[in-house]
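Content type compact mmCIF, N, CA and C atoms and all ligand atoms, from the file upload25.txt:
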```txt
# COMPACT_ATOMS: atom_id res chain seq x y z
N MET J 1 0.84 -1.19 0.00
CA MET J 1 0.00 0.00 0.00
C MET J 1 0.88 1.25 0.00
N LEU J 2 0.49 2.23 -0.78
CA LEU J 2 1.21 3.49 -0.81
C LEU J 2 0.92 4.31 0.44
N ARG J 3 1.92 5.08 0.84
CA ARG J 3 1.74 6.08 1.90
C ARG J 3 2.10 7.41 1.26
N ILE J 4 1.16 8.32 1.21
CA ILE J 4 1.37 9.61 0.57
C ILE J 4 1.37 10.70 1.64
N ALA J 5 2.41 11.52 1.59
CA ALA J 5 2.54 12.61 2.57
C ALA J 5 1.86 13.86 2.03
N CYS J 6 0.62 14.05 2.42
CA CYS J 6 -0.12 15.25 2.01
C CYS J 6 0.52 16.46 2.71
N PRO J 7 0.77 17.55 1.96
CA PRO J 7 1.39 18.73 2.58
C PRO J 7 0.54 19.33 3.70
N TRP J 8 -0.76 19.09 3.71
CA TRP J 8 -1.64 19.68 4.72
C TRP J 8 -2.00 18.71 5.83
N CYS J 9 -2.12 17.41 5.51
CA CYS J 9 -2.64 16.43 6.48
C CYS J 9 -1.56 15.50 7.03
N GLY J 10 -0.40 15.46 6.40
CA GLY J 10 0.63 14.53 6.82
C GLY J 10 0.53 13.21 6.05
N GLU J 11 1.32 12.21 6.48
CA GLU J 11 1.37 10.93 5.77
C GLU J 11 0.10 10.12 6.02
N ARG J 12 -0.53 9.67 4.94
CA ARG J 12 -1.78 8.92 5.02
C ARG J 12 -1.75 7.73 4.08
N ASP J 13 -2.65 6.76 4.33
CA ASP J 13 -2.75 5.57 3.48
C ASP J 13 -3.34 5.93 2.11
N GLU J 14 -2.97 5.12 1.14
CA GLU J 14 -3.44 5.29 -0.24
C GLU J 14 -4.97 5.31 -0.35
N VAL J 15 -5.67 4.59 0.53
CA VAL J 15 -7.13 4.50 0.42
C VAL J 15 -7.81 5.85 0.58
N GLU J 16 -7.13 6.83 1.15
CA GLU J 16 -7.72 8.16 1.31
C GLU J 16 -7.61 8.99 0.03
N PHE J 17 -6.85 8.50 -0.96
CA PHE J 17 -6.57 9.28 -2.17
C PHE J 17 -7.23 8.65 -3.39
N ARG J 18 -7.44 9.46 -4.41
CA ARG J 18 -7.94 8.99 -5.71
C ARG J 18 -6.96 9.44 -6.78
N TYR J 19 -6.54 8.46 -7.59
CA TYR J 19 -5.65 8.76 -8.71
C TYR J 19 -6.43 9.55 -9.75
N LYS J 20 -5.87 10.68 -10.19
CA LYS J 20 -6.58 11.54 -11.14
C LYS J 20 -5.88 11.65 -12.49
N GLY J 21 -4.80 10.89 -12.67
CA GLY J 21 -4.21 10.83 -13.99
C GLY J 21 -2.82 11.38 -14.11
N ASP J 22 -2.30 11.25 -15.32
CA ASP J 22 -0.96 11.69 -15.69
C ASP J 22 -0.91 13.22 -15.67
N ALA J 23 0.09 13.78 -15.02
CA ALA J 23 0.22 15.23 -14.92
C ALA J 23 1.10 15.83 -15.99
N SER J 24 1.66 15.02 -16.87
CA SER J 24 2.60 15.57 -17.84
C SER J 24 1.98 16.15 -19.11
N PRO J 25 0.81 15.70 -19.60
CA PRO J 25 0.29 16.31 -20.83
C PRO J 25 -0.05 17.79 -20.62
N VAL J 26 0.25 18.58 -21.63
CA VAL J 26 -0.03 20.02 -21.59
C VAL J 26 -1.15 20.31 -22.57
N ARG J 27 -2.18 21.00 -22.10
CA ARG J 27 -3.33 21.31 -22.94
C ARG J 27 -2.88 22.16 -24.14
N PRO J 28 -3.30 21.79 -25.36
CA PRO J 28 -2.92 22.56 -26.54
C PRO J 28 -3.64 23.92 -26.56
N PRO J 29 -3.11 24.88 -27.30
CA PRO J 29 -3.79 26.18 -27.41
C PRO J 29 -5.15 26.03 -28.07
N ALA J 30 -6.02 26.99 -27.85
CA ALA J 30 -7.40 26.92 -28.35
C ALA J 30 -7.49 26.79 -29.86
N ASP J 31 -6.51 27.32 -30.59
CA ASP J 31 -6.56 27.27 -32.04
C ASP J 31 -5.80 26.06 -32.62
N ALA J 32 -5.46 25.11 -31.78
CA ALA J 32 -4.74 23.91 -32.26
C ALA J 32 -5.67 23.02 -33.08
N ALA J 33 -5.07 22.15 -33.87
CA ALA J 33 -5.84 21.22 -34.70
C ALA J 33 -6.59 20.22 -33.80
N PRO J 34 -7.73 19.72 -34.25
CA PRO J 34 -8.50 18.74 -33.45
C PRO J 34 -7.66 17.53 -33.04
N GLU J 35 -6.73 17.12 -33.90
CA GLU J 35 -5.89 15.97 -33.58
C GLU J 35 -5.06 16.22 -32.32
N ALA J 36 -4.67 17.47 -32.10
CA ALA J 36 -3.90 17.81 -30.90
C ALA J 36 -4.74 17.61 -29.64
N PHE J 37 -6.04 17.92 -29.72
CA PHE J 37 -6.92 17.71 -28.56
C PHE J 37 -7.18 16.23 -28.32
N VAL J 38 -7.29 15.46 -29.39
CA VAL J 38 -7.45 14.01 -29.27
C VAL J 38 -6.22 13.42 -28.59
N GLU J 39 -5.05 13.85 -29.03
CA GLU J 39 -3.79 13.39 -28.42
C GLU J 39 -3.75 13.77 -26.94
N PHE J 40 -4.15 15.00 -26.61
CA PHE J 40 -4.13 15.48 -25.22
C PHE J 40 -5.10 14.68 -24.34
N ALA J 41 -6.28 14.38 -24.87
CA ALA J 41 -7.31 13.74 -24.06
C ALA J 41 -7.14 12.24 -23.92
N PHE J 42 -6.62 11.57 -24.94
CA PHE J 42 -6.67 10.11 -24.94
C PHE J 42 -5.33 9.39 -25.00
N ALA J 43 -4.32 9.99 -25.57
CA ALA J 43 -3.04 9.29 -25.74
C ALA J 43 -2.22 9.39 -24.46
N ARG J 44 -1.85 8.26 -23.91
CA ARG J 44 -1.05 8.24 -22.69
C ARG J 44 0.10 7.27 -22.86
N ASP J 45 1.25 7.66 -22.33
CA ASP J 45 2.38 6.75 -22.27
C ASP J 45 2.20 5.84 -21.07
N ASN J 46 2.95 4.75 -21.06
CA ASN J 46 2.96 3.85 -19.92
C ASN J 46 4.42 3.67 -19.51
N PRO J 47 4.99 4.72 -18.90
CA PRO J 47 6.44 4.72 -18.68
C PRO J 47 6.87 3.79 -17.54
N LEU J 48 8.09 3.33 -17.65
CA LEU J 48 8.74 2.62 -16.55
C LEU J 48 9.73 3.60 -15.96
N GLY J 49 9.47 4.02 -14.74
CA GLY J 49 10.35 5.00 -14.11
C GLY J 49 9.55 6.05 -13.38
N TRP J 50 10.14 7.21 -13.24
CA TRP J 50 9.49 8.29 -12.51
C TRP J 50 8.36 8.90 -13.33
N HIS J 51 7.24 9.16 -12.66
CA HIS J 51 6.03 9.61 -13.32
C HIS J 51 5.36 10.67 -12.48
N ARG J 52 4.98 11.79 -13.10
CA ARG J 52 4.26 12.84 -12.37
C ARG J 52 2.76 12.61 -12.53
N GLU J 53 2.05 12.56 -11.39
CA GLU J 53 0.64 12.19 -11.38
C GLU J 53 -0.18 13.13 -10.51
N TRP J 54 -1.45 13.28 -10.89
CA TRP J 54 -2.40 14.02 -10.05
C TRP J 54 -3.06 13.03 -9.09
N TRP J 55 -3.12 13.39 -7.83
CA TRP J 55 -3.83 12.60 -6.82
C TRP J 55 -4.71 13.55 -6.03
N LEU J 56 -5.96 13.15 -5.77
CA LEU J 56 -6.89 13.94 -4.97
C LEU J 56 -6.97 13.34 -3.57
N HIS J 57 -6.78 14.15 -2.55
CA HIS J 57 -6.91 13.65 -1.18
C HIS J 57 -8.39 13.66 -0.80
N ALA J 58 -9.13 12.71 -1.36
CA ALA J 58 -10.58 12.67 -1.23
C ALA J 58 -11.04 12.39 0.20
N GLY J 59 -10.26 11.61 0.94
CA GLY J 59 -10.64 11.28 2.31
C GLY J 59 -10.01 12.19 3.34
N GLY J 60 -9.53 13.32 2.90
CA GLY J 60 -8.87 14.27 3.82
C GLY J 60 -9.23 15.69 3.45
N CYS J 61 -8.24 16.46 3.06
CA CYS J 61 -8.42 17.89 2.80
C CYS J 61 -9.10 18.18 1.46
N ARG J 62 -9.23 17.16 0.59
CA ARG J 62 -9.87 17.29 -0.73
C ARG J 62 -9.07 18.23 -1.65
N ARG J 63 -7.79 18.31 -1.44
CA ARG J 63 -6.93 19.12 -2.31
C ARG J 63 -6.27 18.22 -3.35
N LEU J 64 -5.94 18.83 -4.48
CA LEU J 64 -5.28 18.12 -5.57
C LEU J 64 -3.77 18.22 -5.36
N LEU J 65 -3.09 17.08 -5.48
CA LEU J 65 -1.65 17.02 -5.25
C LEU J 65 -0.93 16.56 -6.51
N LEU J 66 0.29 17.02 -6.65
CA LEU J 66 1.17 16.57 -7.72
C LEU J 66 2.20 15.63 -7.09
N VAL J 67 2.12 14.35 -7.45
CA VAL J 67 2.95 13.32 -6.84
C VAL J 67 3.92 12.78 -7.88
N THR J 68 5.18 12.66 -7.51
CA THR J 68 6.18 12.03 -8.38
C THR J 68 6.43 10.63 -7.84
N ARG J 69 6.03 9.61 -8.62
CA ARG J 69 6.05 8.22 -8.16
C ARG J 69 6.77 7.35 -9.18
N HIS J 70 7.54 6.38 -8.69
CA HIS J 70 8.20 5.42 -9.58
C HIS J 70 7.19 4.33 -9.91
N THR J 71 6.99 4.07 -11.21
CA THR J 71 5.92 3.15 -11.61
C THR J 71 6.24 1.69 -11.33
N MET J 72 7.49 1.34 -11.09
CA MET J 72 7.81 -0.05 -10.78
C MET J 72 7.89 -0.29 -9.28
N THR J 73 8.56 0.60 -8.55
CA THR J 73 8.76 0.39 -7.11
C THR J 73 7.68 1.08 -6.27
N HIS J 74 6.94 1.98 -6.86
CA HIS J 74 5.92 2.81 -6.18
C HIS J 74 6.53 3.75 -5.16
N GLU J 75 7.84 3.91 -5.19
CA GLU J 75 8.48 4.89 -4.31
C GLU J 75 7.99 6.28 -4.69
N ILE J 76 7.73 7.09 -3.70
CA ILE J 76 7.29 8.48 -3.93
C ILE J 76 8.44 9.41 -3.61
N ARG J 77 8.84 10.21 -4.61
CA ARG J 77 9.97 11.10 -4.45
C ARG J 77 9.54 12.50 -4.01
N ALA J 78 8.36 12.94 -4.44
CA ALA J 78 7.92 14.30 -4.11
C ALA J 78 6.41 14.38 -4.10
N VAL J 79 5.88 15.22 -3.22
CA VAL J 79 4.46 15.53 -3.18
C VAL J 79 4.35 17.05 -3.02
N ALA J 80 3.54 17.66 -3.88
CA ALA J 80 3.41 19.11 -3.84
C ALA J 80 1.96 19.50 -4.10
N ALA J 81 1.62 20.70 -3.73
CA ALA J 81 0.30 21.23 -4.04
C ALA J 81 0.18 21.42 -5.54
N ALA J 82 -1.01 21.19 -6.08
CA ALA J 82 -1.22 21.35 -7.51
C ALA J 82 -1.17 22.81 -7.91
N ALA J 83 -1.65 23.68 -7.07
CA ALA J 83 -1.66 25.11 -7.33
C ALA J 83 -1.57 25.83 -5.99
N PRO J 84 -1.04 27.04 -5.97
CA PRO J 84 -0.92 27.76 -4.69
C PRO J 84 -2.28 28.10 -4.09
ZN ZN J 101 -4.69 16.31 2.67
```
Please rewrite the model in this file as structure tokens.
Ligand SMILES: [Zn+2]
Amino acid sequence: MLRIACPWCGERDEVEFRYKGDASPVRPPADAAPEAFVEFAFARDNPLGWHREWWLHAGGCRRLLLVTRHTMTHEIRAVAAAAP
């Protein structure tokens, strides 16, 4: 089980959090081609290694966190607020 250190609540079990997806895709500009939006919305890599992810602390402060996690070992290197 993962233990995630929420900046506001402290270290908590994974069951309190909800995975919200890959944090690396960047939304294309409004005038981009439709294919760019399809790529943004649906195409995802499945990397082996460090991965930046959105996690919601649903069972706690309900804030969105940016977590850097290793996809093989599940080691967590960093946890930060999604926005100030
Ligand atoms: Zn929290």
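With CA of Asp31 (chain J) on one side and CA of Ala83 (chain J) on the other, the separation reads 25.3 Å.
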Residues of chain J within 6 Å of ligand ZN 101 (chain J): nearest atom pair and distance (Å, one decimal) for each, counting only C-alpha atoms and all ligand atoms, sorted by chain and number, as a tab-separated table?
```
residue	atom	partner	partner_atom	distance
J:Cys6	CA	J:ZN101	ZN	4.7
J:Trp8	CA	J:ZN101	ZN	5.0
J:Cys9	CA	J:ZN101	ZN	4.3
J:His57	CA	J:ZN101	ZN	5.2
J:Gly60	CA	J:ZN101	ZN	4.8
J:Cys61	CA	J:ZN101	ZN	4.1
```
Would you please extract all helix (DSSP H, G or I) residues from chain J, as assigned by DSSP on the backbone, and give them as a list in words?
->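 Of chain J, only Glu14, Val15, Glu16, Pro34, Glu35, Ala36, Phe37, Val38, Glu39, Phe40, Ala41 and Phe42 of chain J fall in helix (DSSP H, G or I).
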From the DSSP assignment of the backbone, select every residue of chain J that is strand (DSSP E or B), and format the answer as number ranges by chain.
-> J: 3-6, 10-13, 18-22, 50-56, 64-70, 76-81
Separation of CA of His51 (chain J) from CA of Phe37 (chain J) in Å |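 Taking CA of Phe37 (chain J) and CA of His51 (chain J), their separation equals 21.6 Å.
Note that the spacing between atom C of Glu75 (chain J) and atom N of Ile4 (chain J) amounts to 9.3 Å.
You can rank J:Ala30, J:Ala43, J:Leu2, J:Ala23 by their closest distance to Leu66 (chain J) using all atoms listed in the file, and at the top of that list sits J:Ala23.
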Determine, counting all atoms listed in the file, every residue of protein, DNA or RNA that lies within 6 Å of (-9.3, 12.6, -8.6) in the file coordinates, then give the result as a compact mmCIF listing (two decimals) with N, CA and C atoms, in the frame of the given file.
```
# COMPACT_ATOMS: atom_id res chain seq x y z
N ARG J 18 -7.44 9.46 -4.41
CA ARG J 18 -7.94 8.99 -5.71
C ARG J 18 -6.96 9.44 -6.78
N TYR J 19 -6.54 8.46 -7.59
CA TYR J 19 -5.65 8.76 -8.71
C TYR J 19 -6.43 9.55 -9.75
N LYS J 20 -5.87 10.68 -10.19
CA LYS J 20 -6.58 11.54 -11.14
C LYS J 20 -5.88 11.65 -12.49
N TRP J 55 -3.12 13.39 -7.83
CA TRP J 55 -3.83 12.60 -6.82
C TRP J 55 -4.71 13.55 -6.03
N LEU J 56 -5.96 13.15 -5.77
CA LEU J 56 -6.89 13.94 -4.97
C LEU J 56 -6.97 13.34 -3.57
```
Select all residues near (8.4, -0.6, -9.4) (cut-off 12 Å, inclusive, file coordinates), counting only C-alpha atoms, and output them as a VMD selection string.
-> chain J and resid 2 47 to 51 69 to 76
For Val79 (chain J), the closest of J:Ala33, J:Val67, J:Val38, J:Pro28 counting only N, CA and C atoms is J:Val67
Pick from J:Leu65, J:Ala58, J:Asp22, J:Ala5, whichever lies nearest to Ala82 (chain J) using only N, CA and C atoms =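 The answer is J:Leu65, which sits nearest to Ala82 (chain J).
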Nearest to Trp54 (chain J): which of J:Met1, J:Pro29, J:Pro7, J:Thr68 is it, counting only N, CA and C atoms?
->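 The closest residue to Trp54 (chain J) is J:Thr68.
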